[in-house]
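Undergrad: What follows is the file target38.cif, containing mmCIF, C-alpha atoms:
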```cif
data_upload
#
loop_
_atom_site.group_PDB
_atom_site.id
_atom_site.type_symbol
_atom_site.label_atom_id
_atom_site.label_comp_id
_atom_site.auth_asym_id
_atom_site.auth_seq_id
_atom_site.Cartn_x
_atom_site.Cartn_y
_atom_site.Cartn_z
ATOM 1 C CA MET B 145 212.316 41.722 -134.890
ATOM 2 C CA TYR B 146 208.867 42.693 -136.139
ATOM 3 C CA PRO B 147 209.549 45.858 -138.177
ATOM 4 C CA ARG B 148 206.117 47.387 -137.514
ATOM 5 C CA ILE B 149 206.091 46.832 -133.738
ATOM 6 C CA ASP B 150 205.807 50.551 -132.954
ATOM 7 C CA GLU B 151 202.844 50.917 -135.309
ATOM 8 C CA PHE B 152 201.226 47.859 -133.721
ATOM 9 C CA LEU B 153 201.733 49.280 -130.214
ATOM 10 C CA GLY B 154 200.149 52.540 -131.376
ATOM 11 C CA GLU B 155 197.099 50.661 -132.612
ATOM 12 C CA LEU B 156 196.763 48.856 -129.276
ATOM 13 C CA HIS B 157 196.973 52.169 -127.419
ATOM 14 C CA ARG B 158 194.379 53.689 -129.746
ATOM 15 C CA ARG B 159 192.070 50.868 -128.635
ATOM 16 C CA GLN B 160 193.008 51.569 -124.975
ATOM 17 C CA ILE B 161 194.726 48.196 -124.571
ATOM 18 C CA SER B 162 197.633 47.945 -122.125
ATOM 19 C CA THR B 163 200.912 46.902 -123.708
ATOM 20 C CA PHE B 164 203.479 44.666 -122.049
ATOM 21 C CA LEU B 165 206.420 43.903 -124.315
ATOM 22 C CA VAL B 166 208.982 41.239 -123.388
ATOM 23 C CA THR B 167 212.215 41.306 -125.383
ATOM 24 C CA ASN B 168 215.336 39.172 -125.366
ATOM 25 C CA GLY B 169 217.510 42.297 -125.430
ATOM 26 C CA GLN B 170 218.847 41.662 -128.921
ATOM 27 C CA HIS B 171 217.370 44.729 -130.651
ATOM 28 C CA PRO B 172 218.495 47.819 -128.721
ATOM 29 C CA LYS B 173 217.671 50.193 -131.590
ATOM 30 C CA ALA B 174 214.063 49.003 -131.539
ATOM 31 C CA ILE B 175 213.926 49.471 -127.763
ATOM 32 C CA ASN B 176 215.247 53.017 -128.192
ATOM 33 C CA SER B 177 212.762 53.897 -130.900
ATOM 34 C CA ILE B 178 209.448 52.436 -129.706
ATOM 35 C CA ARG B 179 206.840 54.648 -128.086
ATOM 36 C CA PRO B 180 206.222 54.460 -124.322
ATOM 37 C CA ILE B 181 204.197 51.394 -123.366
ATOM 38 C CA THR B 182 202.644 50.052 -120.177
ATOM 39 C CA GLN B 183 205.624 47.893 -119.234
ATOM 40 C CA LEU B 184 208.820 47.087 -121.138
ATOM 41 C CA TYR B 185 210.790 43.961 -120.242
ATOM 42 C CA VAL B 186 214.279 42.814 -121.138
ATOM 43 C CA SER B 187 215.033 39.184 -120.304
ATOM 44 C CA VAL B 188 218.417 38.848 -118.638
ATOM 45 C CA ASP B 189 219.072 35.160 -119.133
ATOM 46 C CA ALA B 190 222.664 35.007 -117.949
ATOM 47 C CA PRO B 191 225.176 37.039 -115.936
ATOM 48 C CA THR B 192 228.167 36.577 -118.267
ATOM 49 C CA GLN B 193 228.866 36.537 -121.977
ATOM 50 C CA GLU B 194 229.863 32.871 -121.850
ATOM 51 C CA SER B 195 226.730 31.758 -120.033
ATOM 52 C CA LEU B 196 224.522 33.875 -122.325
ATOM 53 C CA ILE B 197 225.919 32.035 -125.355
ATOM 54 C CA ALA B 198 225.456 28.641 -123.666
ATOM 55 C CA ILE B 199 221.908 29.324 -122.476
ATOM 56 C CA ASP B 200 220.400 31.394 -125.286
ATOM 57 C CA ARG B 201 222.350 30.123 -128.288
ATOM 58 C CA PRO B 202 221.936 33.626 -129.803
ATOM 59 C CA LEU B 203 221.650 34.436 -133.492
ATOM 60 C CA PHE B 204 224.024 37.392 -133.280
ATOM 61 C CA ASN B 205 227.774 37.237 -132.642
ATOM 62 C CA ASP B 206 227.508 40.441 -130.604
ATOM 63 C CA ALA B 207 224.598 39.205 -128.447
ATOM 64 C CA TRP B 208 226.300 40.200 -125.184
ATOM 65 C CA GLN B 209 226.830 43.797 -126.328
ATOM 66 C CA ARG B 210 223.274 43.927 -127.680
ATOM 67 C CA LEU B 211 221.958 42.835 -124.271
ATOM 68 C CA LYS B 212 223.982 45.505 -122.477
ATOM 69 C CA ASP B 213 222.914 48.167 -124.994
ATOM 70 C CA SER B 214 219.274 47.138 -124.554
ATOM 71 C CA LEU B 215 219.556 47.485 -120.780
ATOM 72 C CA LEU B 216 221.210 50.885 -121.178
ATOM 73 C CA ALA B 217 218.318 51.926 -123.440
ATOM 74 C CA LEU B 218 215.852 51.185 -120.622
ATOM 75 C CA LYS B 219 217.505 53.822 -118.439
ATOM 76 C CA SER B 220 216.347 56.666 -120.681
ATOM 77 C CA LYS B 221 212.870 55.357 -121.564
ATOM 78 C CA GLY B 222 211.016 57.284 -118.834
ATOM 79 C CA GLN B 223 208.478 54.501 -118.321
ATOM 80 C CA ARG B 224 208.033 51.350 -116.241
ATOM 81 C CA THR B 225 210.798 48.919 -117.155
ATOM 82 C CA VAL B 226 211.601 45.406 -115.978
ATOM 83 C CA ALA B 227 214.654 43.169 -115.992
ATOM 84 C CA ARG B 228 213.341 39.609 -116.104
ATOM 85 C CA LEU B 229 215.515 36.767 -114.815
ATOM 86 C CA THR B 230 214.544 33.133 -115.254
ATOM 87 C CA VAL B 231 216.612 31.040 -112.865
ATOM 88 C CA VAL B 232 217.781 27.662 -114.152
ATOM 89 C CA LYS B 233 219.464 25.799 -111.310
ATOM 90 C CA GLY B 234 222.911 24.626 -112.335
ATOM 91 C CA TRP B 235 223.015 26.938 -115.369
ATOM 92 C CA ASN B 236 222.600 30.580 -114.411
ATOM 93 C CA SER B 237 221.895 30.667 -110.685
ATOM 94 C CA ASP B 238 225.366 31.700 -109.582
ATOM 95 C CA GLU B 239 227.430 34.807 -110.369
ATOM 96 C CA VAL B 240 224.753 37.069 -108.891
ATOM 97 C CA GLU B 241 227.203 39.976 -108.970
ATOM 98 C CA GLY B 242 227.102 39.783 -112.786
ATOM 99 C CA TYR B 243 223.304 40.045 -112.760
ATOM 100 C CA ALA B 244 223.519 43.080 -110.480
ATOM 101 C CA LYS B 245 225.938 44.820 -112.835
ATOM 102 C CA LEU B 246 223.628 44.207 -115.790
ATOM 103 C CA ILE B 247 220.541 45.409 -113.915
ATOM 104 C CA ALA B 248 222.432 48.509 -112.802
ATOM 105 C CA LEU B 249 222.906 49.489 -116.464
ATOM 106 C CA GLY B 250 219.176 50.030 -116.930
ATOM 107 C CA HIS B 251 218.061 51.524 -113.610
ATOM 108 C CA VAL B 252 214.957 49.402 -114.219
ATOM 109 C CA SER B 253 211.766 49.924 -112.232
ATOM 110 C CA LEU B 254 211.333 46.249 -111.353
ATOM 111 C CA VAL B 255 213.390 43.072 -111.291
ATOM 112 C CA GLU B 256 211.269 39.956 -111.802
ATOM 113 C CA ILE B 257 213.030 36.759 -110.756
ATOM 114 C CA LYS B 258 211.334 33.450 -111.446
ATOM 115 C CA GLY B 259 212.344 29.833 -111.422
ATOM 116 C CA VAL B 260 212.270 27.973 -114.711
ATOM 117 C CA THR B 261 209.312 25.668 -115.198
ATOM 118 C CA PHE B 262 210.218 22.223 -116.482
ATOM 119 C CA CYS B 263 207.699 21.310 -119.177
ATOM 120 C CA GLY B 264 208.960 17.871 -120.083
ATOM 121 C CA LYS B 265 211.675 16.332 -122.219
ATOM 122 C CA SER B 266 212.582 18.047 -125.469
ATOM 123 C CA ASP B 267 215.178 17.462 -128.155
ATOM 124 C CA ALA B 268 215.863 21.217 -128.106
ATOM 125 C CA SER B 269 216.881 21.203 -124.431
ATOM 126 C CA ASN B 270 218.593 18.965 -121.927
ATOM 127 C CA LEU B 271 216.857 20.528 -118.910
ATOM 128 C CA ASN B 272 215.221 18.267 -116.347
ATOM 129 C CA MET B 273 213.428 18.637 -113.014
ATOM 130 C CA SER B 274 216.728 19.081 -111.177
ATOM 131 C CA ASN B 275 217.128 22.440 -112.991
ATOM 132 C CA THR B 276 213.898 23.797 -111.489
ATOM 133 C CA PRO B 277 214.700 25.783 -108.335
ATOM 134 C CA TRP B 278 212.510 25.672 -105.247
ATOM 135 C CA HIS B 279 210.768 28.889 -104.250
ATOM 136 C CA HIS B 280 213.017 29.364 -101.215
ATOM 137 C CA GLU B 281 216.051 29.159 -103.533
ATOM 138 C CA VAL B 282 214.636 31.912 -105.760
ATOM 139 C CA VAL B 283 213.912 34.057 -102.688
ATOM 140 C CA ALA B 284 217.484 33.524 -101.448
ATOM 141 C CA LEU B 285 218.869 34.491 -104.863
ATOM 142 C CA ALA B 286 216.667 37.617 -104.884
ATOM 143 C CA ARG B 287 217.943 38.646 -101.458
ATOM 144 C CA ILE B 288 221.560 38.168 -102.553
ATOM 145 C CA LEU B 289 220.843 40.128 -105.739
ATOM 146 C CA GLY B 290 219.331 42.941 -103.660
ATOM 147 C CA SER B 291 222.465 42.960 -101.511
ATOM 148 C CA GLU B 292 224.725 43.077 -104.590
ATOM 149 C CA LEU B 293 222.683 45.969 -106.010
ATOM 150 C CA GLY B 294 223.110 47.698 -102.644
ATOM 151 C CA LYS B 295 226.898 47.303 -102.872
ATOM 152 C CA LEU B 296 226.868 48.842 -106.343
ATOM 153 C CA ARG B 297 224.721 51.694 -105.007
ATOM 154 C CA ASP B 298 227.331 52.329 -102.287
ATOM 155 C CA GLU B 299 229.831 52.934 -105.115
ATOM 156 C CA ASP B 300 227.397 54.915 -107.295
ATOM 157 C CA GLU B 301 224.600 56.738 -105.491
ATOM 158 C CA THR B 302 222.790 57.440 -108.783
ATOM 159 C CA LEU B 303 221.825 53.748 -108.840
ATOM 160 C CA PRO B 304 218.318 53.316 -107.408
ATOM 161 C CA GLU B 305 217.675 51.421 -104.199
ATOM 162 C CA TYR B 306 215.853 48.090 -104.643
ATOM 163 C CA ASP B 307 214.057 45.977 -102.090
ATOM 164 C CA LEU B 308 211.985 42.797 -102.082
ATOM 165 C CA ALA B 309 208.447 43.992 -102.812
ATOM 166 C CA CYS B 310 206.578 40.690 -103.063
ATOM 167 C CA GLU B 311 206.837 36.998 -103.801
ATOM 168 C CA HIS B 312 204.494 34.341 -105.112
ATOM 169 C CA LYS B 313 205.293 30.805 -104.036
ATOM 170 C CA HIS B 314 203.061 28.995 -106.542
ATOM 171 C CA SER B 315 204.683 30.874 -109.447
ATOM 172 C CA CYS B 316 208.126 30.495 -107.897
ATOM 173 C CA SER B 317 208.699 34.207 -108.438
ATOM 174 C CA VAL B 318 210.011 37.205 -106.533
ATOM 175 C CA LEU B 319 209.823 40.907 -107.341
ATOM 176 C CA LEU B 320 212.446 43.484 -106.450
ATOM 177 C CA ALA B 321 211.243 47.052 -106.903
ATOM 178 C CA ARG B 322 212.735 50.508 -106.882
ATOM 179 C CA VAL B 323 212.056 52.094 -103.519
ATOM 180 C CA ASP B 324 211.811 55.596 -105.040
ATOM 181 C CA GLN B 325 209.069 54.552 -107.466
ATOM 182 C CA PHE B 326 206.979 52.045 -105.514
ATOM 183 C CA CYS B 327 207.493 52.565 -101.809
ATOM 184 C CA SER B 328 206.528 55.072 -99.135
ATOM 185 C CA VAL B 329 208.933 55.272 -96.220
ATOM 186 C CA ASP B 330 207.718 56.524 -92.843
ATOM 187 C CA PRO B 331 210.322 59.146 -91.822
ATOM 188 C CA GLY B 332 209.819 58.428 -88.112
ATOM 189 C CA THR B 333 210.025 54.641 -88.108
ATOM 190 C CA GLY B 334 211.638 53.859 -91.444
ATOM 191 C CA ASP B 335 208.820 51.372 -92.132
ATOM 192 C CA ARG B 336 208.136 50.765 -95.814
ATOM 193 C CA THR B 337 204.747 50.497 -97.455
ATOM 194 C CA TRP B 338 204.636 49.248 -101.043
ATOM 195 C CA ARG B 339 202.297 50.994 -103.478
#
```
Render the structure in this file as structure tokens.
TA:
Amino acid sequence: MYPRIDEFLGELHRRQISTFLVTNGQHPKAINSIRPITQLYVSVDAPTQESLIAIDRPLFNDAWQRLKDSLLALKSKGQRTVARLTVVKGWNSDEVEGYAKLIALGHVSLVEIKGVTFCGKSDASNLNMSNTPWHHEVVALARILGSELGKLRDEDETLPEYDLACEHKHSCSVLLARVDQFCSVDPGTGDRTWR
């Protein structure tokens, strides 16, 4: 929403500062127009239009289309891009096929999947500790998501192959990465080494 974001990013680059920009996917024109940065994120908070409205309570009536357009914009950026999923148990942890379809729009470099962190009671939210997934639940969701992305790739071979690159239990997070960008595959054994 900040109208001078591109200018600001330029100033950071001039000072040799890495730039990681996390967006909510509601400003696809800005995503299209900003200069290349170190890492560009789009938060994918829900797998369906209905759940996006319930979870994000967006400002725009066309929030779902804006999210899809933002993900499509990532595909042509020519830089490291990330789809970021925050898993809220009981809210957005099912319908993994919908997440896969959204991620497939952007051909993103990385898919960061993390469990929501409950920070206490708030009038703005009715979340509680039961909405915080365990690490093993996030890992299981990531594996299912990888499988769903694989099914989509079977139908469209232009879709990149993703695999589980790493996980961090304390952060309750898992990273899927594009094999073509971050992995060396031994032609003899098929063993993968992440870069």
Undergrad: Which one of B:Trp208, B:Tyr185, B:Trp235, B:Trp278 sits closest to Val255 of chain B if you count only C-alpha atoms?
TA: B:Tyr185
Undergrad: For segment 287-295 of chain B, find every residue with an atom within 6 Å (counting all atoms listed in the file), except residues of its own chain fewer than 6 positions away, and show them as a VMD selection string.
TA: chain B and resid 240 to 241 244
Undergrad: Emit the selected residues as an mmCIF file, in the frame of the given file, including C-alpha atoms.
TA:
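Printed below is part.cif as written:
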```
data_model
loop_
_atom_site.group_PDB
_atom_site.id
_atom_site.type_symbol
_atom_site.label_atom_id
_atom_site.label_comp_id
_atom_site.auth_asym_id
_atom_site.auth_seq_id
_atom_site.Cartn_x
_atom_site.Cartn_y
_atom_site.Cartn_z
ATOM 1 C CA VAL B 240 224.753 37.069 -108.891
ATOM 2 C CA GLU B 241 227.203 39.976 -108.970
ATOM 3 C CA ALA B 244 223.519 43.080 -110.480
#
```
Undergrad: Taking into account all atoms listed in the file, which residue in the set B:Ile175, B:Ile161, B:Leu271, B:Val260 is nearest to Arg228 of chain B?
TA: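 With all atoms listed in the file as the atom set, the closest residue is B:Val260.
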Undergrad: Please tell me which residues are no farther than 7 Å from (221.3, 40.8, -118.6) in the file, counting only C-alpha atoms, and write them as a PyMOL selection string.
TA: chain B and resi 187-191+211-212+243+246-247
Undergrad: Figure out the distance between atom CA of Asn205 of chain B and atom CA of Leu285 of chain B, please, to one decimal in Å.
TA: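 It comes out at 29.3 Å.
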Undergrad: Tell me which residues come within 10 Å of (218.3, 29.6, -115.6), as an mmCIF file with C-alpha atoms, keeping the file's coordinate frame, counting only C-alpha atoms in the file's coordinates.
TA:
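This is the output file point16.cif:
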```
data_model
loop_
_atom_site.group_PDB
_atom_site.id
_atom_site.type_symbol
_atom_site.label_atom_id
_atom_site.label_comp_id
_atom_site.auth_asym_id
_atom_site.auth_seq_id
_atom_site.Cartn_x
_atom_site.Cartn_y
_atom_site.Cartn_z
ATOM 1 C CA VAL B 188 218.417 38.848 -118.638
ATOM 2 C CA ASP B 189 219.072 35.160 -119.133
ATOM 3 C CA ALA B 190 222.664 35.007 -117.949
ATOM 4 C CA SER B 195 226.730 31.758 -120.033
ATOM 5 C CA ILE B 199 221.908 29.324 -122.476
ATOM 6 C CA LEU B 229 215.515 36.767 -114.815
ATOM 7 C CA THR B 230 214.544 33.133 -115.254
ATOM 8 C CA VAL B 231 216.612 31.040 -112.865
ATOM 9 C CA VAL B 232 217.781 27.662 -114.152
ATOM 10 C CA LYS B 233 219.464 25.799 -111.310
ATOM 11 C CA GLY B 234 222.911 24.626 -112.335
ATOM 12 C CA TRP B 235 223.015 26.938 -115.369
ATOM 13 C CA ASN B 236 222.600 30.580 -114.411
ATOM 14 C CA SER B 237 221.895 30.667 -110.685
ATOM 15 C CA ASP B 238 225.366 31.700 -109.582
ATOM 16 C CA LYS B 258 211.334 33.450 -111.446
ATOM 17 C CA GLY B 259 212.344 29.833 -111.422
ATOM 18 C CA VAL B 260 212.270 27.973 -114.711
ATOM 19 C CA THR B 261 209.312 25.668 -115.198
ATOM 20 C CA LEU B 271 216.857 20.528 -118.910
ATOM 21 C CA ASN B 275 217.128 22.440 -112.991
ATOM 22 C CA THR B 276 213.898 23.797 -111.489
ATOM 23 C CA PRO B 277 214.700 25.783 -108.335
#
```
Undergrad: State, in Å with one decimal place, the distance from atom CA of Phe152 of chain B to atom CA of Pro172 of chain B.
TA: 18.0 Å
Undergrad: For a test of reading the model, state the distance in Å between atom CA of Gly242 of chain B and atom CA of Glu194 of chain B, rounded to one decimal.
TA: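 Between atom CA of Gly242 of chain B and atom CA of Glu194 of chain B the gap works out to 11.7 Å.
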